[in-house]
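Next comes target.txt, a file with compact mmCIF, C-alpha atoms and all ligand atoms.
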```txt
# COMPACT_ATOMS: atom_id res chain seq x y z
CA MET A 23 -6.41 10.20 20.85
CA SER A 24 -7.83 13.68 20.77
CA ASP A 25 -5.87 16.33 22.60
CA LYS A 26 -7.50 19.63 23.48
CA ASN A 27 -4.17 21.43 23.46
CA ARG A 28 -3.21 20.79 19.87
CA PRO A 29 -4.69 19.91 16.47
CA THR A 30 -5.61 16.21 16.19
CA PRO A 31 -5.32 14.12 13.00
CA GLN A 32 -8.45 12.38 11.73
CA PRO A 33 -9.17 8.94 13.25
CA GLY A 34 -6.94 6.26 11.76
CA ILE A 35 -4.13 8.54 10.54
CA LEU A 36 -1.79 7.74 13.43
CA ASP A 37 -2.51 4.01 13.04
CA ILE A 38 -0.76 4.13 9.67
CA ALA A 39 2.73 2.66 9.70
CA PRO A 40 5.00 5.13 7.87
CA TYR A 41 6.23 4.10 4.41
CA LEU A 42 9.79 2.75 4.62
CA PRO A 43 11.78 3.62 1.52
CA GLY A 44 14.67 1.51 0.28
CA LYS A 45 17.95 2.48 1.89
CA SER A 46 20.57 4.60 0.15
CA GLY A 47 24.27 4.24 0.92
CA ALA A 48 25.77 6.37 3.69
CA ALA A 49 26.92 9.79 2.46
CA GLY A 50 30.43 9.67 1.08
CA THR A 51 30.44 5.92 0.42
CA LYS A 52 30.40 4.42 -3.03
CA SER A 53 27.56 1.98 -2.54
CA ILE A 54 25.48 0.77 -5.43
CA LYS A 55 21.77 1.24 -4.75
CA LEU A 56 19.67 -1.79 -5.65
CA SER A 57 16.86 -1.01 -3.22
CA ALA A 58 14.40 1.15 -5.15
CA ASN A 59 13.98 -0.47 -8.57
CA GLU A 60 15.54 2.43 -10.43
CA SER A 61 16.94 2.28 -13.97
CA PRO A 62 20.54 1.04 -14.23
CA LEU A 63 20.86 2.72 -17.64
CA GLY A 64 19.98 6.23 -16.51
CA ALA A 65 17.17 8.18 -18.15
CA SER A 66 16.26 8.41 -21.81
CA PRO A 67 18.65 11.03 -23.28
CA LYS A 68 15.68 12.52 -25.12
CA ALA A 69 13.79 12.92 -21.86
CA LEU A 70 16.81 14.59 -20.31
CA SER A 71 17.09 17.13 -23.15
CA ALA A 72 13.37 17.87 -22.95
CA MET A 73 13.63 18.46 -19.24
CA ILE A 74 16.61 20.80 -19.57
CA GLU A 75 14.78 22.75 -22.24
CA ALA A 76 11.69 23.00 -20.02
CA ALA A 77 13.80 24.27 -17.13
CA ALA A 78 14.12 27.60 -18.97
CA LYS A 79 10.44 28.30 -18.17
CA LEU A 80 10.28 27.77 -14.43
CA GLU A 81 8.54 31.10 -13.72
CA ILE A 82 5.43 29.98 -15.65
CA TYR A 83 2.63 27.80 -14.28
CA PRO A 84 2.43 24.48 -16.14
CA GLU A 85 -0.51 23.66 -18.41
CA GLY A 86 -2.77 22.07 -15.80
CA SER A 87 -3.88 18.91 -17.60
CA SER A 88 -0.41 17.74 -18.76
CA ARG A 89 -1.80 17.77 -22.30
CA VAL A 90 1.59 17.29 -23.98
CA LEU A 91 2.14 14.09 -22.03
CA ARG A 92 -1.41 12.80 -22.46
CA GLU A 93 -1.11 13.26 -26.22
CA ALA A 94 2.20 11.40 -26.36
CA LEU A 95 0.83 8.56 -24.23
CA GLY A 96 -2.31 8.45 -26.32
CA GLU A 97 -0.24 8.07 -29.47
CA VAL A 98 2.16 5.45 -28.10
CA HIS A 99 -0.42 3.34 -26.27
CA GLY A 100 -3.43 3.84 -28.55
CA VAL A 101 -5.54 5.57 -25.91
CA ASP A 102 -7.80 8.62 -26.11
CA PRO A 103 -5.85 11.41 -24.31
CA ALA A 104 -9.14 12.45 -22.69
CA SER A 105 -9.16 9.14 -20.77
CA ILE A 106 -5.79 9.90 -19.19
CA VAL A 107 -5.00 11.76 -15.96
CA CYS A 108 -1.39 12.54 -15.05
CA GLY A 109 -0.02 12.74 -11.55
CA ASN A 110 3.01 13.68 -9.51
CA GLY A 111 4.17 10.08 -9.65
CA SER A 112 1.60 7.30 -9.65
CA ASP A 113 1.49 7.63 -5.85
CA ASP A 114 -0.37 10.89 -6.40
CA LEU A 115 -3.01 9.11 -8.49
CA LEU A 116 -3.33 6.19 -6.06
CA HIS A 117 -3.96 8.68 -3.24
CA LEU A 118 -6.55 10.51 -5.35
CA LEU A 119 -8.33 7.24 -6.17
CA ALA A 120 -8.46 6.31 -2.47
CA GLN A 121 -9.72 9.75 -1.50
CA THR A 122 -12.37 9.66 -4.21
CA TYR A 123 -13.73 6.15 -3.70
CA LEU A 124 -13.07 5.27 -0.05
CA GLY A 125 -14.38 6.67 3.22
CA GLU A 126 -15.33 5.65 6.70
CA GLY A 127 -17.01 2.26 6.88
CA ASP A 128 -15.62 1.16 3.50
CA GLU A 129 -13.16 -1.63 2.84
CA ALA A 130 -10.41 -2.02 0.28
CA VAL A 131 -9.04 -5.48 -0.52
CA MET A 132 -5.46 -6.34 -1.44
CA ASN A 133 -3.20 -9.38 -1.49
CA ARG A 134 -1.05 -9.71 1.63
CA TYR A 135 2.27 -8.89 -0.03
CA GLY A 136 0.84 -6.24 -2.32
CA PHE A 137 2.41 -2.79 -2.56
CA SER A 138 2.87 -1.20 0.88
CA VAL A 139 1.39 2.13 -0.18
CA TYR A 140 -2.13 0.64 -0.46
CA PRO A 141 -2.74 0.30 3.30
CA ILE A 142 -1.47 3.86 3.81
CA ILE A 143 -3.80 5.48 1.29
CA THR A 144 -6.76 3.33 2.33
CA MET A 145 -6.40 4.23 5.98
CA ALA A 146 -5.70 7.86 5.14
CA ALA A 147 -9.13 7.91 3.51
CA GLY A 148 -10.67 6.54 6.72
CA ALA A 149 -11.37 3.09 5.28
CA LYS A 150 -10.25 -0.38 6.34
CA ILE A 151 -7.67 -2.45 4.48
CA VAL A 152 -8.42 -6.16 4.13
CA MET A 153 -5.32 -8.30 3.52
CA VAL A 154 -5.83 -11.55 1.67
CA ASP A 155 -3.45 -14.51 1.87
CA GLU A 156 -1.45 -15.41 -1.22
CA VAL A 157 -0.44 -18.79 -2.58
CA ASP A 158 3.33 -19.01 -2.76
CA TYR A 159 3.81 -15.23 -3.01
CA ARG A 160 1.24 -14.80 -5.73
CA ALA A 161 -2.17 -13.11 -5.53
CA ASP A 162 -4.98 -15.67 -5.24
CA VAL A 163 -8.03 -14.63 -7.26
CA ASP A 164 -10.47 -16.90 -5.41
CA ALA A 165 -9.28 -15.70 -2.02
CA LEU A 166 -9.52 -12.04 -3.13
CA LEU A 167 -13.07 -12.60 -4.31
CA ALA A 168 -13.97 -14.43 -1.11
CA ALA A 169 -12.83 -11.40 0.90
CA VAL A 170 -15.28 -9.06 -0.82
CA THR A 171 -18.11 -7.89 1.44
CA ALA A 172 -21.00 -5.44 1.12
CA ARG A 173 -18.55 -2.77 2.35
CA THR A 174 -15.89 -3.40 -0.30
CA LYS A 175 -15.34 -0.43 -2.60
CA VAL A 176 -11.85 -0.92 -4.07
CA ILE A 177 -9.50 -3.77 -5.01
CA TRP A 178 -5.82 -2.79 -5.22
CA LEU A 179 -3.83 -5.05 -7.54
CA ALA A 180 -0.20 -4.42 -8.46
CA ASN A 181 0.50 -6.43 -11.59
CA PRO A 182 3.33 -7.42 -11.64
CA ASN A 183 3.48 -7.09 -7.89
CA ASN A 184 6.08 -5.32 -5.76
CA PRO A 185 7.91 -6.78 -3.76
CA THR A 186 7.33 -10.33 -5.00
CA GLY A 187 7.70 -9.80 -8.77
CA SER A 188 4.88 -12.28 -9.42
CA TYR A 189 2.00 -11.50 -11.77
CA LEU A 190 -1.51 -12.53 -12.73
CA SER A 191 -2.22 -13.53 -16.32
CA ASP A 192 -4.74 -11.66 -18.43
CA ALA A 193 -7.21 -14.51 -17.89
CA GLU A 194 -6.79 -14.35 -14.10
CA VAL A 195 -7.27 -10.58 -13.98
CA ARG A 196 -10.41 -10.98 -16.09
CA ARG A 197 -11.68 -13.68 -13.76
CA LEU A 198 -11.08 -11.37 -10.81
CA HIS A 199 -12.97 -8.57 -12.51
CA ALA A 200 -15.82 -10.86 -13.54
CA GLY A 201 -16.38 -11.81 -9.89
CA LEU A 202 -16.76 -8.22 -8.68
CA ARG A 203 -19.94 -6.20 -8.30
CA PRO A 204 -20.06 -3.32 -10.78
CA ASP A 205 -19.84 -0.74 -7.98
CA ILE A 206 -16.41 -2.05 -6.87
CA LEU A 207 -13.43 -0.29 -8.45
CA LEU A 208 -10.59 -2.54 -9.64
CA VAL A 209 -7.32 -0.58 -9.62
CA ILE A 210 -4.70 -2.30 -11.77
CA ASP A 211 -1.32 -0.82 -10.88
CA ASN A 212 0.96 -1.68 -13.81
CA ALA A 213 4.08 0.05 -12.41
CA TYR A 214 6.33 -2.66 -13.88
CA ALA A 215 4.42 -3.42 -17.08
CA GLU A 216 7.29 -2.23 -19.29
CA TYR A 217 9.45 -5.07 -18.00
CA VAL A 218 7.06 -7.97 -18.46
CA THR A 219 8.09 -10.68 -20.91
CA ALA A 220 5.42 -13.30 -20.09
CA GLU A 221 3.15 -13.84 -23.06
CA ASP A 222 -0.05 -14.42 -21.11
CA PHE A 223 0.24 -11.01 -19.41
CA SER A 224 -1.77 -8.02 -20.51
CA VAL A 225 -1.81 -4.42 -19.27
CA GLY A 226 -5.16 -3.36 -17.87
CA LEU A 227 -6.11 -1.28 -20.92
CA ASP A 228 -8.54 -3.65 -22.60
CA LEU A 229 -10.52 -4.07 -19.41
CA VAL A 230 -10.52 -0.30 -18.85
CA HIS A 231 -11.98 0.19 -22.29
CA GLU A 232 -14.61 -2.51 -21.92
CA GLN A 233 -15.73 -1.79 -18.36
CA GLN A 234 -16.94 1.07 -16.18
CA ASN A 235 -15.17 0.01 -12.97
CA VAL A 236 -11.51 -0.54 -13.91
CA VAL A 237 -8.57 1.87 -13.97
CA MET A 238 -4.97 1.25 -14.99
CA VAL A 239 -2.22 3.19 -13.18
CA ARG A 240 1.28 3.57 -14.65
CA THR A 241 4.54 5.33 -13.84
CA PHE A 242 7.76 6.48 -15.50
CA SER A 243 9.65 5.95 -12.24
CA LYS A 244 10.88 2.43 -12.95
CA MET A 245 11.87 3.41 -16.51
CA GLY A 246 14.53 5.99 -15.73
CA LEU A 247 12.56 8.99 -14.45
CA ALA A 248 11.97 8.31 -10.74
CA ALA A 249 13.16 11.78 -9.75
CA ALA A 250 10.85 13.49 -12.25
CA ARG A 251 7.72 12.10 -10.51
CA ILE A 252 5.48 11.24 -13.45
CA GLY A 253 2.50 8.91 -13.18
CA TRP A 254 -0.56 8.43 -15.35
CA MET A 255 -3.82 6.58 -15.23
CA VAL A 256 -6.44 5.56 -17.76
CA GLY A 257 -10.06 5.16 -16.78
CA PRO A 258 -13.65 5.51 -17.91
CA ASP A 259 -14.97 9.08 -18.31
CA HIS A 260 -16.86 9.15 -15.03
CA ILE A 261 -13.74 8.25 -13.04
CA VAL A 262 -11.47 10.62 -14.96
CA ASP A 263 -14.02 13.36 -14.29
CA ALA A 264 -14.11 12.66 -10.54
CA ILE A 265 -10.33 12.54 -10.21
CA ASN A 266 -9.91 15.74 -12.19
CA ARG A 267 -12.25 17.52 -9.75
CA ILE A 268 -10.06 16.88 -6.72
CA ARG A 269 -6.50 16.68 -8.03
CA GLY A 270 -4.26 19.69 -7.55
CA PRO A 271 -4.88 22.05 -10.50
CA PHE A 272 -1.11 22.02 -11.21
CA ASN A 273 -0.28 18.62 -9.74
CA VAL A 274 2.44 17.88 -12.29
CA ASN A 275 5.43 20.23 -12.49
CA LEU A 276 6.17 21.87 -15.82
CA PRO A 277 9.27 19.91 -16.92
CA ALA A 278 7.73 16.51 -16.09
CA PRO A 279 5.25 16.21 -18.97
CA MET A 280 7.92 17.37 -21.42
CA ALA A 281 10.33 14.72 -20.16
CA GLY A 282 7.58 12.10 -20.00
CA ALA A 283 6.40 12.77 -23.55
CA ALA A 284 9.96 12.40 -24.86
CA ALA A 285 10.50 9.26 -22.79
CA ALA A 286 7.25 7.67 -23.98
CA ARG A 287 8.32 8.17 -27.59
CA ASP A 288 11.91 6.97 -27.03
CA LEU A 289 11.14 3.39 -28.00
CA GLU A 290 14.80 2.59 -28.63
CA PHE A 291 15.78 3.45 -25.05
CA ASN A 292 12.77 1.67 -23.57
CA GLU A 293 13.54 -1.49 -25.55
CA ARG A 294 17.18 -1.40 -24.49
CA LEU A 295 16.22 -1.08 -20.84
CA LYS A 296 13.72 -3.92 -21.12
CA ALA A 297 16.23 -6.21 -22.87
CA HIS A 298 18.96 -5.43 -20.34
CA ASN A 299 16.55 -6.16 -17.51
CA ALA A 300 15.23 -9.41 -18.96
CA HIS A 301 18.76 -10.69 -19.54
CA TRP A 302 20.15 -9.91 -16.09
CA ARG A 303 16.94 -10.84 -14.28
CA ASP A 304 17.16 -14.32 -15.76
CA TRP A 305 20.89 -14.52 -15.20
CA LEU A 306 20.74 -13.51 -11.54
CA THR A 307 17.77 -15.81 -10.92
CA THR A 308 19.71 -18.77 -12.31
CA GLN A 309 22.87 -17.90 -10.37
CA LEU A 310 21.13 -17.65 -7.01
CA GLN A 311 18.56 -20.43 -7.33
CA GLY A 312 19.48 -23.43 -5.20
CA ASN A 313 22.39 -22.41 -2.97
CA ARG A 314 19.97 -22.37 0.04
CA MET A 315 18.18 -19.49 -1.68
CA ARG A 316 14.98 -19.49 -3.63
CA VAL A 317 14.12 -16.81 -6.15
CA VAL A 318 10.44 -16.15 -6.78
CA PRO A 319 10.02 -15.93 -10.58
CA SER A 320 9.88 -12.23 -11.43
CA GLN A 321 8.38 -10.25 -14.29
CA ALA A 322 9.57 -6.92 -12.88
CA ASN A 323 12.93 -5.13 -12.63
CA PHE A 324 13.85 -6.76 -9.34
CA ILE A 325 13.85 -10.22 -7.83
CA MET A 326 12.75 -11.40 -4.42
CA VAL A 327 15.20 -13.86 -2.90
CA LEU A 328 14.01 -16.09 -0.08
CA PHE A 329 16.60 -17.46 2.32
CA GLU A 330 16.17 -20.52 4.52
CA THR A 331 15.84 -18.38 7.64
CA PRO A 332 15.41 -14.71 8.58
CA ALA A 333 18.87 -14.84 10.19
CA LEU A 334 20.38 -15.88 6.88
CA ALA A 335 18.58 -13.04 5.10
CA ALA A 336 19.88 -10.56 7.67
CA ARG A 337 23.36 -11.91 7.23
CA ALA A 338 23.08 -11.69 3.43
CA PHE A 339 21.92 -8.09 3.76
CA ASP A 340 24.89 -7.16 5.96
CA THR A 341 27.35 -8.97 3.71
CA LEU A 342 25.99 -7.18 0.65
CA VAL A 343 26.15 -3.79 2.38
CA ALA A 344 29.74 -4.47 3.42
CA ALA A 345 30.54 -5.25 -0.22
CA GLY A 346 28.90 -2.00 -1.32
CA TYR A 347 25.47 -3.22 -2.46
CA ILE A 348 22.36 -1.76 -0.84
CA VAL A 349 19.35 -4.03 -1.38
CA ARG A 350 15.88 -3.92 0.15
CA GLU A 351 14.98 -5.67 3.39
CA ILE A 352 11.34 -6.68 3.15
CA GLY A 353 10.80 -7.82 6.71
CA PRO A 354 9.99 -4.35 8.10
CA SER A 355 7.45 -3.24 5.45
CA TYR A 356 6.06 -6.55 4.29
CA GLY A 357 6.69 -9.11 7.00
CA ILE A 358 8.75 -11.31 4.68
CA ASP A 359 11.62 -11.63 7.14
CA GLN A 360 13.50 -14.27 5.21
CA GLY A 361 13.41 -12.26 1.98
CA LEU A 362 15.48 -9.57 0.28
CA ARG A 363 14.44 -7.63 -2.78
CA ILE A 364 17.22 -6.89 -5.24
CA SER A 365 16.79 -4.45 -8.13
CA ILE A 366 18.24 -5.49 -11.46
CA GLY A 367 21.27 -3.24 -11.94
CA SER A 368 24.27 -2.99 -14.21
CA GLU A 369 26.12 -6.08 -15.37
CA ALA A 370 28.94 -5.34 -12.90
CA ALA A 371 26.46 -4.98 -10.03
CA MET A 372 24.69 -8.22 -10.90
CA ARG A 373 27.96 -10.15 -11.13
CA GLY A 374 29.04 -8.60 -7.83
CA VAL A 375 25.82 -9.49 -6.02
CA ALA A 376 25.88 -13.07 -7.33
CA GLN A 377 29.47 -13.44 -6.24
CA VAL A 378 28.79 -12.15 -2.73
CA LEU A 379 25.68 -14.30 -2.20
CA THR A 380 26.97 -17.55 -3.62
CA SER A 381 30.28 -17.34 -1.76
CA MET A 382 28.53 -16.39 1.47
CA ASP A 383 26.39 -19.46 1.03
CA GLN A 384 29.37 -21.75 0.66
CA SER A 385 30.94 -20.48 3.87
CA LEU A 386 28.00 -21.63 5.99
C1 LIG B 401 7.15 2.17 -7.45
C2 LIG B 401 5.73 1.82 -7.43
C3 LIG B 401 4.72 2.78 -7.57
C4 LIG B 401 4.94 4.24 -7.39
O1 LIG B 401 5.65 4.87 -8.30
P1 LIG B 401 5.75 6.44 -8.41
O2 LIG B 401 7.19 6.70 -8.30
O3 LIG B 401 4.94 7.11 -7.35
O4 LIG B 401 5.19 6.69 -9.75
C5 LIG B 401 3.40 2.36 -7.66
N1 LIG B 401 3.09 1.07 -7.57
C6 LIG B 401 4.01 0.11 -7.42
C7 LIG B 401 3.58 -1.31 -7.35
C8 LIG B 401 5.36 0.46 -7.32
O5 LIG B 401 6.27 -0.49 -7.11
```
Take the structure I supplied and represent it as structure tokens, if you would.
Amino acid sequence: MSDKNRPTPQPGILDIAPYLPGKSGAAGTKSIKLSANESPLGASPKALSAMIEAAAKLEIYPEGSSRVLREALGEVHGVDPASIVCGNGSDDLLHLLAQTYLGEGDEAVMNRYGFSVYPIITMAAGAKIVMVDEVDYRADVDALLAAVTARTKVIWLANPNNPTGSYLSDAEVRRLHAGLRPDILLVIDNAYAEYVTAEDFSVGLDLVHEQQNVVMVRTFSKMGLAAARIGWMVGPDHIVDAINRIRGPFNVNLPAPMAGAAAARDLEFNERLKAHNAHWRDWLTTQLQGNRMRVVPSQANFIMVLFETPALAARAFDTLVAAGYIVREIGPSYGIDQGLRISIGSEAAMRGVAQVLTSMDQSL
């Protein structure tokens, strides 16, 4: 509503439900946080050293294009550094993509349990978000394509998806792309790509290289550098050019590209994190499955556990909190009231969570 006595946000802004972050433990308590998909093995030690070194230069503006990081990513991923744009977290880049390609009267399409930032950035750009039903907590390519209209400008696809952990195979992503008009932008958000072990998965890079309407968005946040806020995207020249025109000229702080470049090259650390995750993801899935819980198969660094009822999920949440484990309730942000999302943590945390949930189950 417009108010003559004070500044009024653009239409749609106040319709946006605020982003609900995962909870942290109360100050002074020793809770273990399994609610934000952070690394249980800390950050790459090489990234940490690079960041400390960079902290000696805080009075200087950073190099505006994050060249050091783009070169490292180019080398590690076999991409032309000129096709990369870096951001203050991948959130920054997702916002820029929405602002660049969406406006009033436009629609963006996403799967119903896709990442909760997509509705926010779509509506912030004045456009409408179209939510498409999934099949058993997995994006449905045919349904996504059926939801495309003359107004559709963007498809948001987290692959693997947060909060479900499910993914689309390379063939399915290609089928989705093949069904889109060339003026529709397909945004492939590969925030959890580093953790994928499925052999039929592929990051969005090949499609980006072959097509003019696909971008891949990535982040260091789930790989040990959430606090550093480092995201990157790869796209065709015309999209990179447009994003570079509107991004903040110094949108990435000076230490971040230094830390990111070191982290990208620290293959030993990245492998160790991936192996730890794959092991405990499988282990926790096996422990919890059955027991009046169902775990949706995950390719990410968390699992989504579905309980028989929302009341049981609420009780599991409270029991875990009481035992010192903060997990993510996904009723409020995603409408999955019977679900909890649990980040893969340390061995001790995973054993603790399994113990709490399986013994709670037996007491019912
Ligand atoms: C965590 C997450 C992001 C955002 O990460 P940043 O910390 O902003 O880089 C983007 N997409 C998905 C699907 C995520 O889960």
Select the residues contacting ligand LIG 401 (chain B) at a distance of at most 6 Å, based on all atoms listed in the file, then format the selection as a PDB file with C-alpha atoms, in the frame of the given file.
```pdb
ATOM      1  CA  GLY A 111       4.170  10.080  -9.650  1.00  0.00           C
ATOM      2  CA  SER A 112       1.600   7.300  -9.650  1.00  0.00           C
ATOM      3  CA  ASP A 113       1.490   7.630  -5.850  1.00  0.00           C
ATOM      4  CA  PHE A 137       2.410  -2.790  -2.560  1.00  0.00           C
ATOM      5  CA  ALA A 180      -0.200  -4.420  -8.460  1.00  0.00           C
ATOM      6  CA  ASN A 183       3.480  -7.090  -7.890  1.00  0.00           C
ATOM      7  CA  ASN A 184       6.080  -5.320  -5.760  1.00  0.00           C
ATOM      8  CA  ASP A 211      -1.320  -0.820 -10.880  1.00  0.00           C
ATOM      9  CA  ALA A 213       4.080   0.050 -12.410  1.00  0.00           C
ATOM     10  CA  THR A 241       4.540   5.330 -13.840  1.00  0.00           C
ATOM     11  CA  SER A 243       9.650   5.950 -12.240  1.00  0.00           C
ATOM     12  CA  ALA A 248      11.970   8.310 -10.740  1.00  0.00           C
ATOM     13  CA  ARG A 251       7.720  12.100 -10.510  1.00  0.00           C
ATOM     14  CA  ILE A 252       5.480  11.240 -13.450  1.00  0.00           C
ATOM     15  CA  GLY A 253       2.500   8.910 -13.180  1.00  0.00           C
TER      16      GLY A 253
END
```
> Within 12 Å of (-0.5, 7.8, 0.6), all atoms listed in the file: residues as a ChimeraX atom specification?
Replying inline: /A:35,38-41,111-121,137-148
>> Under the rule that all atoms listed in the file are counted, which of A:Tyr159, A:Phe329, A:Phe223, A:Trp254 is the nearest residue to Phe242 in chain A?
In response: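 Among the listed residues, the smallest separation from Phe242 in chain A belongs to A:Trp254.
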>> Can you tell me which residues surround Met238 in chain A at a distance of at most 6 Å, considering only C-alpha atoms, apart from same-chain residues fewer than 5 positions away, and format the answer as number ranges by chain?
In response: A: 210-211, 226, 255-256
> Out of A:Leu334, A:Ala104, A:Val90, A:Leu179, which residue has the shortest atom-to-atom distance to Met132 in chain A when counting all atoms listed in the file?
Replying inline: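 Nearest to Met132 in chain A: A:Leu179.
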>> With all atoms listed in the file as the counted atoms, please give the residues lying no more than 9 Å from range 306-319 of chain A, apart from itself and same-chain residues fewer than 4 positions off, as a ChimeraX atom specification.
In response: /A:158-159,186-188,301-302,325-330,366,372-373,375-377,379-380,383-384
> How many Å separate CA of Ser365 in chain A from CA of Pro43 in chain A?
Replying inline: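 It comes out at 13.5 Å.
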> Within 7 Å of range 61-68 of chain A, counting all atoms listed in the file, which residues qualify if same-chain residues fewer than 5 places away don't, as an NGL selection string?
Replying inline: :A and (244-247 or 284-285 or 288 or 291 or 295 or 367-368)
> Quick one: distance from CA of His298 in chain A to CA of Tyr214 in chain A in Å, one decimal?
Replying inline: 14.5 Å
Starting from the incomplete input, reconstruct N, CA and C atoms of range 362-377 of chain A and write that as a short mmCIF file (atom, residue, chain, number, x, y, z; two decimals), in the coordinates of the input.
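Final output, selection-v9.cif:
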```cif
data_model
loop_
_atom_site.label_atom_id
_atom_site.label_comp_id
_atom_site.auth_asym_id
_atom_site.auth_seq_id
_atom_site.Cartn_x
_atom_site.Cartn_y
_atom_site.Cartn_z
N LEU A 362 14.86 -10.84 0.68
CA LEU A 362 15.48 -9.57 0.28
C LEU A 362 14.99 -9.28 -1.13
N ARG A 363 14.80 -8.01 -1.43
CA ARG A 363 14.44 -7.63 -2.78
C ARG A 363 15.64 -6.93 -3.42
N ILE A 364 16.02 -7.40 -4.60
CA ILE A 364 17.22 -6.89 -5.24
C ILE A 364 16.84 -6.33 -6.61
N SER A 365 17.08 -5.04 -6.82
CA SER A 365 16.79 -4.45 -8.13
C SER A 365 17.79 -4.96 -9.15
N ILE A 366 17.33 -5.10 -10.39
CA ILE A 366 18.24 -5.49 -11.46
C ILE A 366 19.07 -4.26 -11.85
N GLY A 367 20.38 -4.37 -11.69
CA GLY A 367 21.27 -3.24 -11.94
C GLY A 367 22.15 -3.47 -13.14
N SER A 368 23.31 -2.84 -13.12
CA SER A 368 24.27 -2.99 -14.21
C SER A 368 24.84 -4.41 -14.22
N GLU A 369 25.47 -4.77 -15.30
CA GLU A 369 26.12 -6.08 -15.37
C GLU A 369 27.11 -6.27 -14.22
N ALA A 370 27.92 -5.24 -13.96
CA ALA A 370 28.94 -5.34 -12.90
C ALA A 370 28.25 -5.56 -11.55
N ALA A 371 27.17 -4.84 -11.32
CA ALA A 371 26.46 -4.98 -10.03
C ALA A 371 25.87 -6.38 -9.89
N MET A 372 25.31 -6.90 -10.98
CA MET A 372 24.69 -8.22 -10.90
C MET A 372 25.73 -9.30 -10.67
N ARG A 373 26.87 -9.18 -11.35
CA ARG A 373 27.96 -10.15 -11.13
C ARG A 373 28.47 -10.05 -9.70
N GLY A 374 28.56 -8.81 -9.20
CA GLY A 374 29.04 -8.60 -7.83
C GLY A 374 28.11 -9.21 -6.80
N VAL A 375 26.82 -8.97 -6.97
CA VAL A 375 25.82 -9.49 -6.02
C VAL A 375 25.82 -11.03 -6.03
N ALA A 376 25.89 -11.60 -7.22
CA ALA A 376 25.88 -13.07 -7.33
C ALA A 376 27.11 -13.65 -6.64
N GLN A 377 28.23 -13.00 -6.85
CA GLN A 377 29.47 -13.44 -6.24
C GLN A 377 29.37 -13.41 -4.71
#
```
